[in-house]
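The next block is query.cif, given as mmCIF, C-alpha atoms.
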data_work
loop_
_atom_site.label_atom_id
_atom_site.label_comp_id
_atom_site.auth_asym_id
_atom_site.auth_seq_id
_atom_site.Cartn_x
_atom_site.Cartn_y
_atom_site.Cartn_z
CA MET A 507 73.82 -11.55 27.17
CA LYS A 508 72.54 -11.39 30.70
CA ALA A 509 73.02 -8.07 32.42
CA SER A 510 74.29 -8.23 35.98
CA THR A 511 71.81 -7.12 38.61
CA ARG A 512 73.91 -4.10 39.41
CA MET A 513 74.19 -3.05 35.77
CA PHE A 514 70.46 -3.61 35.29
CA ALA A 515 69.65 -1.47 38.34
CA VAL A 516 71.99 1.32 37.23
CA LEU A 517 70.56 1.44 33.72
CA ALA A 518 66.96 1.35 34.94
CA LEU A 519 67.64 4.10 37.47
CA ALA A 520 69.34 6.20 34.79
CA LEU A 521 66.28 5.78 32.57
CA ALA A 522 63.97 6.82 35.43
CA VAL A 523 66.08 9.89 36.28
CA GLY A 524 66.30 10.80 32.61
CA LEU A 525 62.55 10.59 32.10
CA ALA A 526 61.78 12.57 35.26
CA THR A 527 64.35 15.25 34.47
CA ALA A 528 64.19 15.68 30.71
CA VAL A 529 60.73 14.48 29.68
CA SER A 530 58.48 15.52 32.58
CA PRO A 531 58.79 19.25 31.77
CA PHE A 532 57.03 18.49 28.49
CA ALA A 533 54.25 16.35 29.97
CA SER A 534 50.64 17.30 29.31
CA PRO A 535 49.51 20.13 31.62
CA SER A 536 45.82 19.25 31.12
CA PRO A 537 43.82 18.21 34.18
CA ASP A 538 43.89 14.48 34.62
CA GLY A 539 41.05 12.02 35.14
CA LEU A 540 39.92 12.77 38.69
CA GLU A 541 40.74 16.47 38.42
CA LYS A 542 38.62 16.77 35.27
CA VAL A 543 35.65 14.97 36.80
CA ALA A 544 35.98 17.01 40.01
CA ALA A 545 35.99 20.25 38.03
CA ASP A 546 33.08 19.22 35.79
CA GLU A 547 30.98 18.05 38.71
CA GLY A 548 31.80 21.04 40.87
CA PHE A 549 33.50 19.52 43.88
CA ILE A 550 37.08 20.43 43.04
CA ASP A 551 37.02 23.36 45.46
CA GLU A 552 36.57 20.99 48.37
CA GLY A 553 40.18 19.89 47.93
CA ARG A 554 42.72 21.46 50.25
CA LEU A 555 46.22 20.97 51.49
CA HIS A 556 46.85 19.18 54.76
CA SER A 557 48.64 21.30 57.34
CA LEU A 558 51.60 18.91 57.04
CA GLN A 559 51.85 19.90 53.39
CA GLU A 560 52.04 23.65 53.98
CA ASP A 561 55.79 23.48 53.78
CA SER A 562 56.36 20.57 51.46
CA PRO A 563 59.90 20.76 50.10
CA ILE A 564 58.78 20.68 46.46
CA PRO A 565 55.10 21.63 46.25
CA ASP A 566 53.33 20.86 42.97
CA TYR A 567 56.43 19.43 41.30
CA ALA A 568 58.07 22.83 40.96
CA PHE A 569 61.50 23.12 42.53
CA PRO A 570 61.39 26.19 44.79
CA GLY A 571 63.36 29.25 43.77
CA VAL A 572 63.63 28.28 40.12
CA GLU A 573 61.80 30.72 37.86
CA ASN A 574 61.77 28.77 34.63
CA GLU A 575 58.77 26.46 34.93
CA ARG A 576 60.22 23.66 32.83
CA PHE A 577 63.54 23.75 34.60
CA ALA A 578 61.77 23.75 37.96
CA THR A 579 59.76 20.68 36.96
CA GLY A 580 62.81 18.85 35.64
CA LEU A 581 64.76 19.58 38.78
CA ALA A 582 61.83 18.39 40.90
CA GLY A 583 61.73 15.19 38.87
CA PHE A 584 65.46 14.67 39.27
CA ALA A 585 65.39 15.20 43.03
CA GLY A 586 62.19 13.25 43.52
CA THR A 587 63.33 10.21 41.58
CA LEU A 588 66.56 9.97 43.53
CA ALA A 589 64.71 10.50 46.81
CA VAL A 590 62.23 7.75 45.99
CA PHE A 591 65.09 5.45 45.02
CA ALA A 592 66.89 6.16 48.28
CA ILE A 593 63.81 5.69 50.44
CA GLY A 594 62.65 2.60 48.55
CA SER A 595 66.08 0.98 48.77
CA GLY A 596 66.40 2.00 52.40
CA VAL A 597 63.08 0.40 53.33
CA ALA A 598 63.96 -2.71 51.32
CA TYR A 599 67.35 -2.89 53.00
CA LEU A 600 65.80 -2.70 56.45
CA VAL A 601 63.30 -5.49 55.84
CA ARG A 602 65.33 -7.68 53.47
CA ARG A 603 65.71 -11.40 53.98
CA ARG A 604 68.76 -11.88 56.12
CA ALA A 605 69.61 -15.56 56.29
CA PRO A 606 71.16 -16.27 52.90
CA ALA A 607 71.53 -19.99 53.61
CA SER A 608 68.20 -21.78 53.75
CA ARG A 609 66.25 -20.76 50.67
CA PRO A 610 62.52 -21.28 51.10
CA ALA A 611 60.93 -23.57 48.52
CA GLY A 612 58.75 -21.13 46.60
CA GLY A 613 60.84 -18.07 45.96
CA ALA A 614 58.55 -15.52 44.33
CA ALA A 615 55.00 -14.69 45.39
CA ALA A 616 52.37 -17.23 44.52
CA MET B 898 49.95 23.44 36.73
CA ILE B 899 49.67 26.17 39.35
CA GLY B 900 47.03 25.66 41.98
CA LEU B 901 45.92 22.69 43.91
CA PRO B 902 47.95 19.67 42.95
CA ILE B 903 45.59 16.93 42.01
CA ALA B 904 46.65 14.14 39.78
CA LEU B 905 44.66 10.98 39.96
CA HIS B 906 45.55 11.52 43.55
CA ILE B 907 42.74 12.41 45.92
CA PRO B 908 43.53 15.59 47.91
CA ASP B 909 42.36 16.10 51.47
CA GLY B 910 38.81 17.37 51.65
CA PHE B 911 37.27 15.02 49.10
CA LEU B 912 36.76 12.15 51.53
CA SER B 913 34.92 12.05 54.85
CA PRO B 914 37.09 11.30 57.90
CA GLY B 915 35.46 7.89 58.28
CA VAL B 916 36.12 6.81 54.71
CA ALA B 917 39.67 8.17 54.84
CA ALA B 918 40.33 6.30 58.09
CA LEU B 919 38.91 3.02 56.78
CA CYS B 920 41.03 3.29 53.64
CA GLY B 921 44.01 4.17 55.80
CA ILE B 922 43.60 1.01 57.85
CA LEU B 923 43.27 -1.19 54.76
CA ALA B 924 46.24 0.44 53.06
CA ALA B 925 48.38 0.18 56.18
CA ALA B 926 47.54 -3.52 56.42
CA ALA B 927 48.50 -4.10 52.78
CA VAL B 928 51.78 -2.21 53.11
CA ALA B 929 52.59 -3.91 56.42
CA TYR B 930 52.01 -7.32 54.90
CA GLY B 931 54.18 -6.26 51.98
CA LEU B 932 56.94 -5.45 54.47
CA ARG B 933 56.56 -8.89 56.00
CA ARG B 934 56.69 -10.64 52.64
CA ALA B 935 59.79 -8.63 51.77
CA GLY B 936 61.47 -10.15 54.80
CA VAL B 937 60.91 -13.58 53.24
CA GLU B 938 61.21 -12.94 49.53
CA LEU B 939 63.61 -10.08 49.06
CA ASP B 940 67.21 -11.21 49.03
CA GLU B 941 70.09 -8.81 49.42
CA ALA B 942 70.89 -8.66 45.70
CA ARG B 943 67.43 -7.41 44.84
CA VAL B 944 67.27 -4.66 47.50
CA PRO B 945 68.29 -1.90 45.07
CA LEU B 946 65.81 -3.23 42.51
CA LEU B 947 62.91 -2.35 44.78
CA GLY B 948 64.27 1.18 45.02
CA VAL B 949 64.81 1.36 41.27
CA LEU B 950 61.28 0.19 40.57
CA ALA B 951 59.83 2.76 42.97
CA ALA B 952 61.96 5.45 41.31
CA PHE B 953 60.85 4.38 37.83
CA ILE B 954 57.18 4.43 38.82
CA PHE B 955 57.59 7.86 40.42
CA ALA B 956 59.28 9.18 37.28
CA ALA B 957 56.73 7.65 34.92
CA GLN B 958 53.86 9.05 36.99
CA MET B 959 55.15 12.55 36.20
CA LEU B 960 54.66 11.99 32.49
CA ASN B 961 51.05 12.99 31.94
CA PHE B 962 49.92 12.08 28.45
CA PRO B 963 47.01 13.84 26.74
CA ILE B 964 43.82 11.92 26.16
CA ALA B 965 40.53 13.02 24.63
CA GLY B 966 38.70 16.17 25.67
CA GLY B 967 41.42 18.31 27.25
CA THR B 968 42.17 15.69 29.84
CA SER B 969 45.41 13.95 30.66
CA GLY B 970 46.32 10.75 32.36
CA HIS B 971 49.41 9.18 33.74
CA PHE B 972 50.91 5.79 34.37
CA LEU B 973 50.10 4.28 37.77
CA GLY B 974 52.49 1.35 37.91
CA ALA B 975 50.73 -1.06 40.26
CA THR B 976 50.57 -3.82 37.65
CA LEU B 977 54.21 -3.35 36.66
CA ALA B 978 55.26 -3.60 40.29
CA ALA B 979 53.08 -6.68 40.85
CA VAL B 980 54.42 -8.47 37.79
CA LEU B 981 58.05 -7.75 38.68
CA LEU B 982 57.97 -8.25 42.46
CA GLY B 983 54.71 -10.05 43.25
CA PRO B 984 51.47 -8.47 44.49
CA TRP B 985 52.42 -7.83 48.11
CA LEU B 986 55.84 -6.31 47.53
CA ALA B 987 54.08 -4.16 44.94
CA CYS B 988 51.87 -2.75 47.71
CA LEU B 989 55.04 -1.75 49.53
CA VAL B 990 56.55 -0.12 46.44
CA MET B 991 53.39 1.84 45.72
CA GLY B 992 53.18 2.89 49.36
CA VAL B 993 56.68 4.36 49.16
CA VAL B 994 55.93 6.23 45.92
CA LEU B 995 52.62 7.66 47.10
CA ALA B 996 53.94 8.63 50.54
CA VAL B 997 56.83 10.59 49.01
CA GLN B 998 54.40 12.26 46.60
CA ALA B 999 52.10 13.28 49.46
CA PHE B 1000 54.75 14.53 51.89
CA ALA B 1001 57.44 15.95 49.61
CA PHE B 1002 55.35 17.09 46.64
CA ALA B 1003 51.95 17.81 48.23
CA ASP B 1004 50.49 15.50 45.57
CA GLY B 1005 47.56 13.65 47.05
CA GLY B 1006 46.30 14.30 50.55
CA VAL B 1007 47.81 13.19 53.82
CA SER B 1008 44.59 11.93 55.37
CA ALA B 1009 43.69 10.60 51.91
CA LEU B 1010 47.02 8.80 51.58
CA GLY B 1011 45.48 5.47 52.52
CA ALA B 1012 42.80 5.86 49.87
CA ASN B 1013 45.40 6.75 47.28
CA ILE B 1014 47.55 3.76 48.22
CA LEU B 1015 44.46 1.56 47.87
CA ASN B 1016 43.20 3.05 44.61
CA MET B 1017 46.46 3.43 42.75
CA GLY B 1018 48.49 0.75 44.47
CA ALA B 1019 47.13 -2.09 46.55
CA LEU B 1020 43.86 -2.78 44.74
CA GLY B 1021 45.50 -2.80 41.34
CA ALA B 1022 48.56 -4.73 42.49
CA LEU B 1023 46.55 -7.46 44.17
CA LEU B 1024 43.93 -7.69 41.43
CA ALA B 1025 46.49 -7.68 38.63
CA GLY B 1026 48.98 -9.90 40.45
CA TYR B 1027 46.55 -12.65 41.33
CA LEU B 1028 44.86 -12.48 37.91
CA VAL B 1029 48.26 -12.96 36.25
CA ILE B 1030 49.02 -15.90 38.51
CA GLY B 1031 45.59 -17.43 37.89
CA ALA B 1032 45.52 -16.81 34.14
CA GLN B 1033 48.85 -18.53 33.65
CA ARG B 1034 47.43 -21.68 35.20
CA VAL B 1035 44.92 -22.06 32.40
CA LEU B 1036 46.49 -20.30 29.44
CA PRO B 1037 49.50 -21.31 27.32
CA ARG B 1038 52.72 -20.17 28.96
CA THR B 1039 54.17 -18.31 26.03
CA ARG B 1040 55.73 -14.88 26.09
CA LEU B 1041 53.03 -13.44 23.84
CA VAL B 1042 50.17 -14.77 25.96
CA PHE B 1043 51.91 -13.53 29.10
CA LEU B 1044 52.20 -10.01 27.68
CA GLY B 1045 48.55 -10.19 26.61
CA ILE B 1046 47.58 -11.06 30.17
CA VAL B 1047 49.72 -8.20 31.49
CA ALA B 1048 48.08 -5.74 29.09
CA THR B 1049 44.59 -6.84 30.09
CA VAL B 1050 45.15 -6.73 33.83
CA SER B 1051 46.93 -3.35 33.58
CA TRP B 1052 43.78 -1.91 32.07
CA LEU B 1053 41.59 -3.64 34.65
CA ALA B 1054 43.72 -2.37 37.53
CA VAL B 1055 43.26 1.24 36.39
CA MET B 1056 39.52 0.73 35.99
CA ALA B 1057 39.32 -0.84 39.45
CA GLY B 1058 41.15 2.14 40.92
CA ALA B 1059 38.79 4.59 39.20
CA ALA B 1060 35.75 2.65 40.40
CA ALA B 1061 37.11 2.52 43.95
CA THR B 1062 37.75 6.28 43.87
CA SER B 1063 34.15 6.87 42.79
CA ALA B 1064 32.87 4.58 45.53
CA GLU B 1065 34.92 6.38 48.19
CA LEU B 1066 33.68 9.77 46.97
CA ALA B 1067 30.11 8.47 47.08
CA LEU B 1068 30.49 7.01 50.59
CA SER B 1069 31.86 10.40 51.66
CA ASP B 1070 28.74 12.13 50.28
CA THR B 1071 30.98 14.20 48.02
CA ILE B 1072 29.35 13.10 44.77
CA PRO B 1073 26.79 10.36 44.05
CA LEU B 1074 28.12 7.19 42.48
CA ALA B 1075 25.76 7.50 39.52
CA THR B 1076 27.23 10.93 38.73
CA SER B 1077 30.94 10.21 39.08
CA LEU B 1078 31.24 6.59 37.96
CA PRO B 1079 30.44 6.99 34.24
CA PRO B 1080 32.89 9.84 33.59
CA MET B 1081 35.56 8.28 35.84
CA LEU B 1082 35.34 4.95 34.03
CA GLY B 1083 35.14 6.69 30.66
CA VAL B 1084 38.31 8.72 31.18
CA HIS B 1085 40.16 5.85 32.82
CA SER B 1086 39.28 3.39 30.08
CA LEU B 1087 41.60 5.55 27.94
CA ILE B 1088 44.19 6.07 30.68
CA GLY B 1089 44.14 2.29 31.13
CA LEU B 1090 45.24 1.87 27.52
CA GLY B 1091 48.27 4.01 28.22
CA GLU B 1092 48.91 1.98 31.36
CA ALA B 1093 48.77 -1.23 29.32
CA VAL B 1094 51.19 0.06 26.68
CA ILE B 1095 53.75 1.29 29.21
CA THR B 1096 53.46 -1.80 31.42
CA VAL B 1097 53.88 -4.19 28.49
CA ALA B 1098 56.85 -2.21 27.17
CA ALA B 1099 58.56 -2.23 30.56
CA VAL B 1100 57.85 -5.92 31.23
CA SER B 1101 59.09 -6.83 27.73
CA ALA B 1102 62.31 -4.95 28.36
CA VAL B 1103 62.92 -6.73 31.66
CA LEU B 1104 62.01 -10.09 30.12
CA ALA B 1105 64.58 -9.47 27.41
CA ALA B 1106 67.35 -8.35 29.77
CA ARG B 1107 66.71 -10.34 32.93
CA PRO B 1108 63.74 -12.75 32.68
CA ASP B 1109 64.55 -13.99 36.19
CA LEU B 1110 63.56 -10.56 37.57
CA VAL B 1111 59.96 -10.93 36.40
CA ALA B 1112 58.63 -12.63 39.52
CA LEU B 1113 55.23 -13.57 38.12
CA ALA B 1114 56.34 -14.91 34.73
CA ARG B 1115 55.89 -18.68 34.47
CA LEU B 1116 57.03 -19.16 30.90
CA GLU B 1117 57.87 -22.45 29.31
CA PRO B 1118 60.93 -22.47 27.10
CA GLU B 1119 59.77 -22.11 23.51
CA PRO B 1120 61.45 -23.48 20.41
CA HIS B 1121 61.86 -19.87 19.33
CA GLY B 1122 61.11 -16.67 21.14
CA ALA B 1123 61.26 -17.24 24.86
CA PRO B 1124 64.93 -16.73 25.63
CA PRO B 1125 64.91 -13.65 23.49
CA ALA B 1126 67.33 -12.60 20.80
CA ALA B 1127 70.23 -14.72 22.03
CA ALA B 1128 69.10 -17.89 20.25
CA GLU B 1129 68.71 -16.34 16.83
CA GLY B 1130 70.76 -13.22 17.19
CA ARG B 1131 68.15 -11.33 15.19
CA ILE B 1132 68.33 -7.59 14.72
#
This entry written out as structure tokens:
Amino acid sequence: MKASTRMFAVLALALAVGLATAVSPFASPSPDGLEKVAADEGFIDEGRLHSLQEDSPIPDYAFPGVENERFATGLAGFAGTLAVFAIGSGVAYLVRRRAPASRPAGGAAA
Amino acid sequence: MIGLPIALHIPDGFLSPGVAALCGILAAAAVAYGLRRAGVELDEARVPLLGVLAAFIFAAQMLNFPIAGGTSGHFLGATLAAVLLGPWLACLVMGVVLAVQAFAFADGGVSALGANILNMGALGALLAGYLVIGAQRVLPRTRLVFLGIVATVSWLAVMAGAAATSAELALSDTIPLATSLPPMLGVHSLIGLGEAVITVAAVSAVLAARPDLVALARLEPEPHGAPPAAAEGRI
């Protein structure tokens, strides 16, 4: 039972969107590794936003204009996952191998 | 979750301009070489797979799991990307994920983007990828051994990223290495376990569905086990 590449991609993308939308709102809100060490060692306040990030579309994984925190996170995850898929596929499409004829010997990285 | 968004991602202000620039050059080189390799290795049929993998890693990175002491950690994904697409394409995938996080989500700095691509992407992908390739030359090529290798290098990749982060912070005179390295490695030794579990689960799933999509797997057909389920029709 070998899934077609298209089917495999669709299922995997659905899983990613599902996780980002439905599970991320319930992720642990505790500070993570670097954040914790930065807070404990007193250099967390040196962090700041870059001027290019002042008007990020979805700052801090909270979809703007949505009051409910969990809903805002889920919506951010939904939008972000699809955006990453689109950009990743777009980049891959632009740089893909074009000549389908002559297959190089190796194939995968080695 | 309100306040400055820091995940494992370094925000701007933690690194000196020199360190940030050096990391930026190294990361740009890794991603650029990844782009070049994609032009050789990535056929048309697998174009959407690169996007799907980037999307999956982005999604999984949102799922912070609690670890000891009021701290959380999250999946990084460099090893998963390296095992599925090879080490250099993995650098490209991680570059896409981290760039979107920095620009669209203000997660991780802009001048620190290179450092973040190195720490969470390139270093881990190259270390894990080449260790997997090397280990399979000397170890039995069974599915179980392969997954054991993947688990080990997943953990190592996270530890390498944590150590690199500490080194960059020390070179930036933000915090001495002796102060940051022990807690960074301590916390990330646990985060690395989560990384190993998720990576092995994901690689197992792909091996079961489409073993040909696991670029680094060099498995020999086994009497039982390798071409999963189909032979015995179990469960």
With distances taken over all atoms listed in the file, which of B:Ser1063, B:Ser1008, B:Thr1039, B:Gln1033 is nearest to Ala544 (chain A)? B:Ser1063
Can you check which residues of chain A have any atom within 6 Å of chain B? Use all atoms listed in the file and format it as number ranges by chain. A: 515, 519, 522, 526, 530, 533-534, 536-540, 552-554, 559, 562-567, 587, 590-591, 594-595, 598-599, 601-603, 614-615
Take CA of Val597 (chain A) and CA of Leu923 (chain B) and report the distance between them in Å, one decimal.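 CA of Leu923 (chain B) lies 19.9 Å from CA of Val597 (chain A).
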Please evaluate the PyMOL selection byres ((chain A and resi 568) around 9) against the displayed coordinates and give the resulting residues as a list of chain:residue names.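 Checking the PyMOL selection byres ((chain A and resi 568) around 9) against this file, the residues are A:Ile564, A:Pro565, A:Asp566, A:Tyr567, A:Phe569, A:Pro570, A:Gly571, A:Val572, A:Glu575, A:Arg576, A:Phe577, A:Ala578, A:Thr579, A:Gly580, A:Leu581, A:Ala582, A:Gly583, B:Phe1002.
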Could you list the residues chosen by the PyMOL selection byres ((chain B and resi 1089) around 9) in this structure as a list in words? Gly970, Phe972, Ser1051, Trp1052, Leu1053, Ala1054, Val1055, Met1056, Val1084, His1085, Ser1086, Leu1087, Ile1088, Leu1090, Gly1091, Glu1092, Ala1093 and Val1094 of chain B
Kindly give the distance, in Å, that separates CA of Asp551 (chain A) and CA of Leu973 (chain B), rounded to a single decimal. 24.4 Å
Between CA of Ala987 (chain B) and CA of Ala925 (chain B) - distance in Å to one decimal: 13.3 Å
